[in-house]
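Below: the structure, in structure tokens.
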Amino acid sequence: MRKKILRLGTRKSQLALLQSREVVEEIERVHPSVKVEFVSIVTKGDKILDSPLSPSQGKGFFVKEIDLALLSKEIDVAVHSLKDIPIEIPDGIVLSAVTRRSTPFDVLISSNGMILDDLPPSARIGTSSLRRRAQLLNYRPDLDVVDLRGNLDTRLSKLKPGELDGIVLSAAGVERMGWQEKVAEVFTTEVIVPAVGQGCLGVECRADDKEMLCLIKFLEDETSRVEISAERAFLMELGGGCQIPAGALARIDGKEVSLEGMVATKDGRELFKDKTYGRWGEETEIAKRLIDKLLSDGAEGVFNDMVKGRKRK
């Protein structure tokens, strides 16, 4: 019997291929009559490696070309790191599945194995993330945080005396690359609140492709969907464009949802962090309450342009 061919779009990086392969193996296990073919796509974010991402560039910078391929029917499904998927998904595309979440936190890999507290004064730390930069500088203002782009192998190659003392990466990416033994420290939210959706994969398909929607429905993890829905609602309340350093992490305990969020100035001098709680199905309301708490804490000076129609209590 001839197998049905499913074309899966992904970036060309080793990490993107590894995480897409996880999805492919599950699809072919559950649907033996399906054969998945990889379609590797180079995004704008993969081409521009010699300069840091601006906030406007970061919005969809690693997914736009893949989404266009999906809409033009060059591919049938797309797999992304969920943190790369913009809050506003293009018309005609749906986030059809959110996979079970891996470790959502950020980690430090240092040249000498030291944790952040033990690194020398003015240690050079590499990251391309405004969110990580702001929180690192808030925690240790003496650090020299430098822009670091490229795939994970490229970033790791910069980790040597005289160039970089440490790099900060997502734990999920490090785990998929099999680099756990290189990790000097896993950051709790006391130090770094992770990116919205970090640790999850998002599977997209065309909204009108009912067959594909049904075929990949099994990939959906309900708990992870609730968590990322609360986190993405928080980012939406900020304006959806990630113009300021911001992070959020939702966790589930029974039917209770906790949501911790952070906003900061780019230099980390002002940083506001708080947490709120609610029930399943109240993700948007939880996010709104968290925004109100941050405003009450004094955060309006950080993001008053991002929060429309809200006043400090």
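Residue numbering restarts at 1 in every chain; chains get A, B, ... in the order shown in the structure tokens, and ligands count up from 1 in that same order.
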
Pick out the residues sitting within 8 Å of A:Ala287, and hand them over as a PDB file with N, CA and C atoms, in the first residue's frame; count only C-alpha atoms, and ignore anything fewer than 3 positions along from it in its own chain.
ATOM      1  N   ALA A 230      -2.019  31.129  28.576  1.00  0.00           N
ATOM      2  CA  ALA A 230      -1.902  32.175  29.598  1.00  0.00           C
ATOM      3  C   ALA A 230      -0.706  33.076  29.302  1.00  0.00           C
ATOM      4  N   GLU A 231       0.419  32.482  28.915  1.00  0.00           N
ATOM      5  CA  GLU A 231       1.620  33.262  28.632  1.00  0.00           C
ATOM      6  C   GLU A 231       1.435  34.161  27.406  1.00  0.00           C
ATOM      7  N   ALA A 233      -1.389  35.225  26.254  1.00  0.00           N
ATOM      8  CA  ALA A 233      -2.354  36.267  26.605  1.00  0.00           C
ATOM      9  C   ALA A 233      -1.661  37.424  27.312  1.00  0.00           C
ATOM     10  N   PHE A 234      -0.671  37.108  28.146  1.00  0.00           N
ATOM     11  CA  PHE A 234       0.119  38.141  28.819  1.00  0.00           C
ATOM     12  C   PHE A 234       0.837  39.005  27.786  1.00  0.00           C
ATOM     13  N   GLU A 237      -1.525  41.252  25.968  1.00  0.00           N
ATOM     14  CA  GLU A 237      -1.910  42.418  26.764  1.00  0.00           C
ATOM     15  C   GLU A 237      -0.829  43.496  26.733  1.00  0.00           C
ATOM     16  N   LEU A 259       0.596  32.201  36.970  1.00  0.00           N
ATOM     17  CA  LEU A 259       1.262  32.905  35.877  1.00  0.00           C
ATOM     18  C   LEU A 259       2.197  33.948  36.459  1.00  0.00           C
ATOM     19  N   GLU A 283      -7.476  31.930  31.242  1.00  0.00           N
ATOM     20  CA  GLU A 283      -6.119  32.360  30.912  1.00  0.00           C
ATOM     21  C   GLU A 283      -6.037  33.861  30.591  1.00  0.00           C
ATOM     22  N   THR A 284      -6.980  34.367  29.816  1.00  0.00           N
ATOM     23  CA  THR A 284      -6.951  35.792  29.477  1.00  0.00           C
ATOM     24  C   THR A 284      -7.169  36.658  30.702  1.00  0.00           C
ATOM     25  N   LEU A 290      -2.507  39.965  36.005  1.00  0.00           N
ATOM     26  CA  LEU A 290      -1.060  40.096  36.183  1.00  0.00           C
ATOM     27  C   LEU A 290      -0.579  41.456  35.675  1.00  0.00           C
ATOM     28  N   ILE A 291      -1.086  41.897  34.551  1.00  0.00           N
ATOM     29  CA  ILE A 291      -0.726  43.220  34.038  1.00  0.00           C
ATOM     30  C   ILE A 291      -1.110  44.293  35.048  1.00  0.00           C
TER      31      ILE A 291
END

Would you kindly return, as a PyMOL selection string, each protein, DNA or RNA residue with an atom no farther than 10 Å from any atom of stretch 123-127 of chain A, considering only C-alpha atoms and excluding same-chain residues fewer than 2 positions away? chain A and resi 52+108-110+116+118-121+129-133+136+140+142-149+155-156+158-159+161-169

Please produce a file of those selected residues containing N, CA, C and O atoms, as a CSV table (one decimal), in the first residue's frame.
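Written output follows (result-v7.csv):
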chain,number,residue,atom,x,y,z
A,52,PRO,N,22.5,42.3,15.8
A,52,PRO,CA,21.5,41.8,16.8
A,52,PRO,C,20.1,42.1,16.2
A,52,PRO,O,19.9,43.0,15.3
A,108,LEU,N,22.9,28.5,31.9
A,108,LEU,CA,24.2,29.1,31.6
A,108,LEU,C,25.2,28.0,31.3
A,108,LEU,O,25.3,27.0,32.0
A,109,ILE,N,25.9,28.2,30.2
A,109,ILE,CA,27.1,27.4,29.9
A,109,ILE,C,28.3,28.3,30.0
A,109,ILE,O,28.3,29.4,29.3
A,110,SER,N,29.2,28.1,30.9
A,110,SER,CA,30.3,28.9,31.1
A,110,SER,C,31.6,28.3,30.7
A,110,SER,O,31.7,27.0,30.7
A,116,LEU,N,26.6,31.7,37.7
A,116,LEU,CA,26.6,33.2,37.5
A,116,LEU,C,27.2,34.0,38.6
A,116,LEU,O,28.0,34.9,38.4
A,118,ASP,N,29.5,33.2,40.6
A,118,ASP,CA,30.9,33.1,40.8
A,118,ASP,C,31.8,33.6,39.7
A,118,ASP,O,33.0,33.6,39.8
A,119,LEU,N,31.1,34.0,38.6
A,119,LEU,CA,31.9,34.6,37.5
A,119,LEU,C,32.6,35.9,37.9
A,119,LEU,O,32.1,36.6,38.7
A,120,PRO,N,33.7,36.2,37.3
A,120,PRO,CA,34.5,37.4,37.8
A,120,PRO,C,33.8,38.7,37.4
A,120,PRO,O,32.9,38.7,36.5
A,121,PRO,N,34.2,39.8,38.0
A,121,PRO,CA,33.6,41.1,37.7
A,121,PRO,C,33.8,41.4,36.2
A,121,PRO,O,34.8,41.0,35.6
A,129,SER,N,19.1,37.9,23.1
A,129,SER,CA,17.8,38.1,23.6
A,129,SER,C,17.7,39.4,24.5
A,129,SER,O,18.5,39.5,25.5
A,130,LEU,N,16.8,40.3,24.2
A,130,LEU,CA,16.6,41.5,25.1
A,130,LEU,C,16.2,41.1,26.4
A,130,LEU,O,16.5,41.7,27.4
A,131,ARG,N,15.3,40.1,26.5
A,131,ARG,CA,14.8,39.6,27.8
A,131,ARG,C,15.9,39.0,28.7
A,131,ARG,O,15.9,39.4,29.9
A,132,ARG,N,16.8,38.2,28.1
A,132,ARG,CA,17.8,37.7,28.9
A,132,ARG,C,18.8,38.8,29.3
A,132,ARG,O,19.3,38.8,30.5
A,133,ARG,N,19.1,39.7,28.4
A,133,ARG,CA,20.1,40.8,28.7
A,133,ARG,C,19.6,41.6,29.8
A,133,ARG,O,20.3,41.9,30.8
A,136,LEU,N,19.8,39.6,33.2
A,136,LEU,CA,21.2,39.4,33.6
A,136,LEU,C,21.7,40.7,34.2
A,136,LEU,O,22.4,40.7,35.3
A,140,ARG,N,23.1,41.3,37.9
A,140,ARG,CA,24.5,41.6,38.0
A,140,ARG,C,24.8,42.8,37.1
A,140,ARG,O,25.2,42.5,35.9
A,142,ASP,N,27.3,44.5,36.7
A,142,ASP,CA,28.7,44.6,36.3
A,142,ASP,C,28.9,43.8,35.0
A,142,ASP,O,30.0,44.0,34.4
A,143,LEU,N,28.0,42.9,34.7
A,143,LEU,CA,28.3,42.0,33.5
A,143,LEU,C,28.4,42.8,32.2
A,143,LEU,O,27.8,43.9,32.0
A,144,ASP,N,29.2,42.3,31.3
A,144,ASP,CA,29.3,42.8,30.0
A,144,ASP,C,28.6,41.9,29.1
A,144,ASP,O,29.1,40.8,28.7
A,145,VAL,N,27.3,42.2,28.8
A,145,VAL,CA,26.4,41.4,28.0
A,145,VAL,C,26.5,41.8,26.6
A,145,VAL,O,26.3,42.9,26.2
A,146,VAL,N,27.0,40.8,25.7
A,146,VAL,CA,27.3,41.1,24.3
A,146,VAL,C,26.3,40.3,23.4
A,146,VAL,O,25.8,39.3,23.8
A,147,ASP,N,26.1,40.9,22.2
A,147,ASP,CA,25.2,40.2,21.3
A,147,ASP,C,25.8,39.0,20.7
A,147,ASP,O,27.0,39.0,20.3
A,148,LEU,N,25.0,37.9,20.6
A,148,LEU,CA,25.6,36.7,20.1
A,148,LEU,C,24.5,36.0,19.3
A,148,LEU,O,23.4,35.6,19.8
A,149,ARG,N,24.7,35.9,18.0
A,149,ARG,CA,23.8,35.3,17.0
A,149,ARG,C,24.4,34.0,16.5
A,149,ARG,O,25.5,33.7,16.7
A,155,ARG,N,27.4,29.5,18.5
A,155,ARG,CA,27.4,30.2,19.8
A,155,ARG,C,28.4,29.5,20.7
A,155,ARG,O,29.2,30.2,21.4
A,156,LEU,N,28.3,28.2,20.8
A,156,LEU,CA,29.2,27.5,21.7
A,156,LEU,C,30.7,27.7,21.3
A,156,LEU,O,31.6,27.7,22.2
A,158,LYS,N,32.1,30.3,20.4
A,158,LYS,CA,32.6,31.6,20.9
A,158,LYS,C,33.0,31.5,22.4
A,158,LYS,O,33.5,32.4,23.0
A,159,LEU,N,32.6,30.4,23.1
A,159,LEU,CA,32.8,30.3,24.5
A,159,LEU,C,34.3,29.9,24.8
A,159,LEU,O,34.6,28.7,24.9
A,161,PRO,N,38.3,31.6,26.6
A,161,PRO,CA,38.9,32.7,27.2
A,161,PRO,C,39.3,33.8,26.3
A,161,PRO,O,39.8,33.6,25.2
A,162,GLY,N,39.0,35.1,26.7
A,162,GLY,CA,39.3,36.2,25.9
A,162,GLY,C,38.2,36.6,24.9
A,162,GLY,O,38.2,37.6,24.3
A,163,GLU,N,37.2,35.7,24.8
A,163,GLU,CA,36.1,36.0,23.9
A,163,GLU,C,34.8,36.1,24.7
A,163,GLU,O,34.2,37.2,24.8
A,164,LEU,N,34.4,35.0,25.3
A,164,LEU,CA,33.2,35.0,26.1
A,164,LEU,C,33.4,34.1,27.4
A,164,LEU,O,34.1,33.1,27.3
A,165,ASP,N,32.9,34.6,28.5
A,165,ASP,CA,33.0,33.8,29.7
A,165,ASP,C,31.7,32.9,29.9
A,165,ASP,O,31.8,31.9,30.6
A,166,GLY,N,30.6,33.2,29.2
A,166,GLY,CA,29.5,32.4,29.3
A,166,GLY,C,28.4,32.7,28.2
A,166,GLY,O,28.5,33.8,27.6
A,167,ILE,N,27.5,31.8,28.0
A,167,ILE,CA,26.4,32.0,27.1
A,167,ILE,C,25.1,31.5,27.7
A,167,ILE,O,25.2,30.6,28.5
A,168,VAL,N,24.0,32.2,27.5
A,168,VAL,CA,22.7,31.8,28.0
A,168,VAL,C,21.9,31.2,26.9
A,168,VAL,O,21.7,31.9,25.9
A,169,LEU,N,21.4,30.0,27.1
A,169,LEU,CA,20.5,29.3,26.1
A,169,LEU,C,19.3,28.8,26.7
A,169,LEU,O,19.2,28.7,28.0

DSSP helix (DSSP H, G or I) residues within stretch 117-270 of chain A, as a PyMOL selection string: chain A and resi 117-118+130-139+152-157+171-177+180-182+210-215+217-219+222-237

Please return, as a count of residues only, all residues of stretch 130-213 of chain A that DSSP assigns to strand (DSSP E) on the basis of the backbone. 17

Each residue of stretch 141-181 of chain A with at least one atom at most 9 Å from stretch 189-205 of chain A should appear once, together with its nearest atom pair and the corresponding distance in Å (one decimal); atoms considered: only C-alpha atoms; ordering: chain, then increasing residue number; output as JSON lines.
{"residue": "A:Ser170", "atom": "CA", "partner": "A:Gln198", "partner_atom": "CA", "distance": 7.6}
{"residue": "A:Ala171", "atom": "CA", "partner": "A:Gly199", "partner_atom": "CA", "distance": 7.7}
{"residue": "A:Ala172", "atom": "CA", "partner": "A:Gly199", "partner_atom": "CA", "distance": 5.3}
{"residue": "A:Gly173", "atom": "CA", "partner": "A:Gly199", "partner_atom": "CA", "distance": 8.0}

Just to be explicit: take each residue in the selection above, keep N, CA, C and O atoms, and write the result as a compact mmCIF listing (two decimals), in the first residue's frame.
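Final file, selection_4.txt:
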# COMPACT_ATOMS: atom_id res chain seq x y z
N SER A 170 18.37 28.32 25.92
CA SER A 170 17.19 27.65 26.49
C SER A 170 17.57 26.22 26.88
O SER A 170 18.31 25.54 26.16
N ALA A 171 17.04 25.79 28.01
CA ALA A 171 17.32 24.42 28.47
C ALA A 171 16.82 23.39 27.47
O ALA A 171 17.47 22.37 27.24
N ALA A 172 15.66 23.66 26.86
CA ALA A 172 15.08 22.69 25.93
C ALA A 172 16.01 22.46 24.73
O ALA A 172 16.21 21.32 24.30
N GLY A 173 16.58 23.55 24.21
CA GLY A 173 17.49 23.41 23.08
C GLY A 173 18.75 22.66 23.46
O GLY A 173 19.24 21.81 22.71

Close residues, A:Asp153 itself excluded, 10 Å, only C-alpha atoms, min 2 positions apart in chain, as a VMD selection string: chain A and resid 13 to 15 150 to 151 155 to 158 177

Report as CSV the residues of stretch 74-172 of chain A within 12 Å of stretch 21-34 of chain A, each with its shortest atom pair and distance in Å (one decimal), using only C-alpha atoms, ordered by chain and increasing residue number.
residue,atom,partner,partner_atom,distance
A:Val77,CA,A:Val23,CA,10.7
A:Ala78,CA,A:Val23,CA,10.2
A:Val79,CA,A:Val23,CA,8.0
A:His80,CA,A:Val23,CA,10.6
A:Ser81,CA,A:Val23,CA,11.9
A:Ala97,CA,A:Val23,CA,10.6
A:Val98,CA,A:Val23,CA,10.9
A:Thr99,CA,A:Val23,CA,8.6
A:Arg100,CA,A:Val23,CA,10.9

As an exercise, work out the distance from atom CA of A:Leu70 to atom CA of A:Ser229 in Å and give it to one decimal place. 22.9 Å

Give me the residues near A:Gly92 as a PDB file with N, CA and C atoms, in the first residue's frame, where near means some atom within 9 Å (using only C-alpha atoms) and where sequence neighbours in that chain fewer than 6 positions away do not count.
ATOM      1  N   LEU A  71       1.060  28.526   3.419  1.00  0.00           N
ATOM      2  CA  LEU A  71      -0.094  29.134   2.752  1.00  0.00           C
ATOM      3  C   LEU A  71      -0.105  28.835   1.252  1.00  0.00           C
ATOM      4  N   CYS A 205      -0.791  24.307  10.719  1.00  0.00           N
ATOM      5  CA  CYS A 205      -1.265  23.851   9.419  1.00  0.00           C
ATOM      6  C   CYS A 205      -2.293  24.850   8.897  1.00  0.00           C
ATOM      7  N   ARG A 206      -2.756  24.634   7.676  1.00  0.00           N
ATOM      8  CA  ARG A 206      -3.747  25.535   7.111  1.00  0.00           C
ATOM      9  C   ARG A 206      -5.096  25.333   7.792  1.00  0.00           C
ATOM     10  N   ALA A 207      -5.777  26.427   8.032  1.00  0.00           N
ATOM     11  CA  ALA A 207      -7.050  26.363   8.760  1.00  0.00           C
ATOM     12  C   ALA A 207      -8.111  25.561   8.023  1.00  0.00           C
ATOM     13  N   ASP A 208      -8.020  25.501   6.690  1.00  0.00           N
ATOM     14  CA  ASP A 208      -9.039  24.791   5.909  1.00  0.00           C
ATOM     15  C   ASP A 208      -8.651  23.358   5.577  1.00  0.00           C
TER      16      ASP A 208
END

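Distances to A:Lys217 were evaluated for A:Leu95, A:Val186, A:Leu295, A:Val42 using only C-alpha atoms, and the minimum falls at A:Leu95.
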
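The nearest approach to A:Glu300 among the residues A:Ala264, A:Ile87, A:Leu68, A:Leu8, with only C-alpha atoms taken into account, belongs to A:Ala264.
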
Go through A:Asn138, A:Ser258, A:Ser128, A:Ser20 one by one, measure the shortest atom-to-atom distance of each to A:Val226 using only C-alpha atoms, and give the residue with the smallest value. A:Ser258
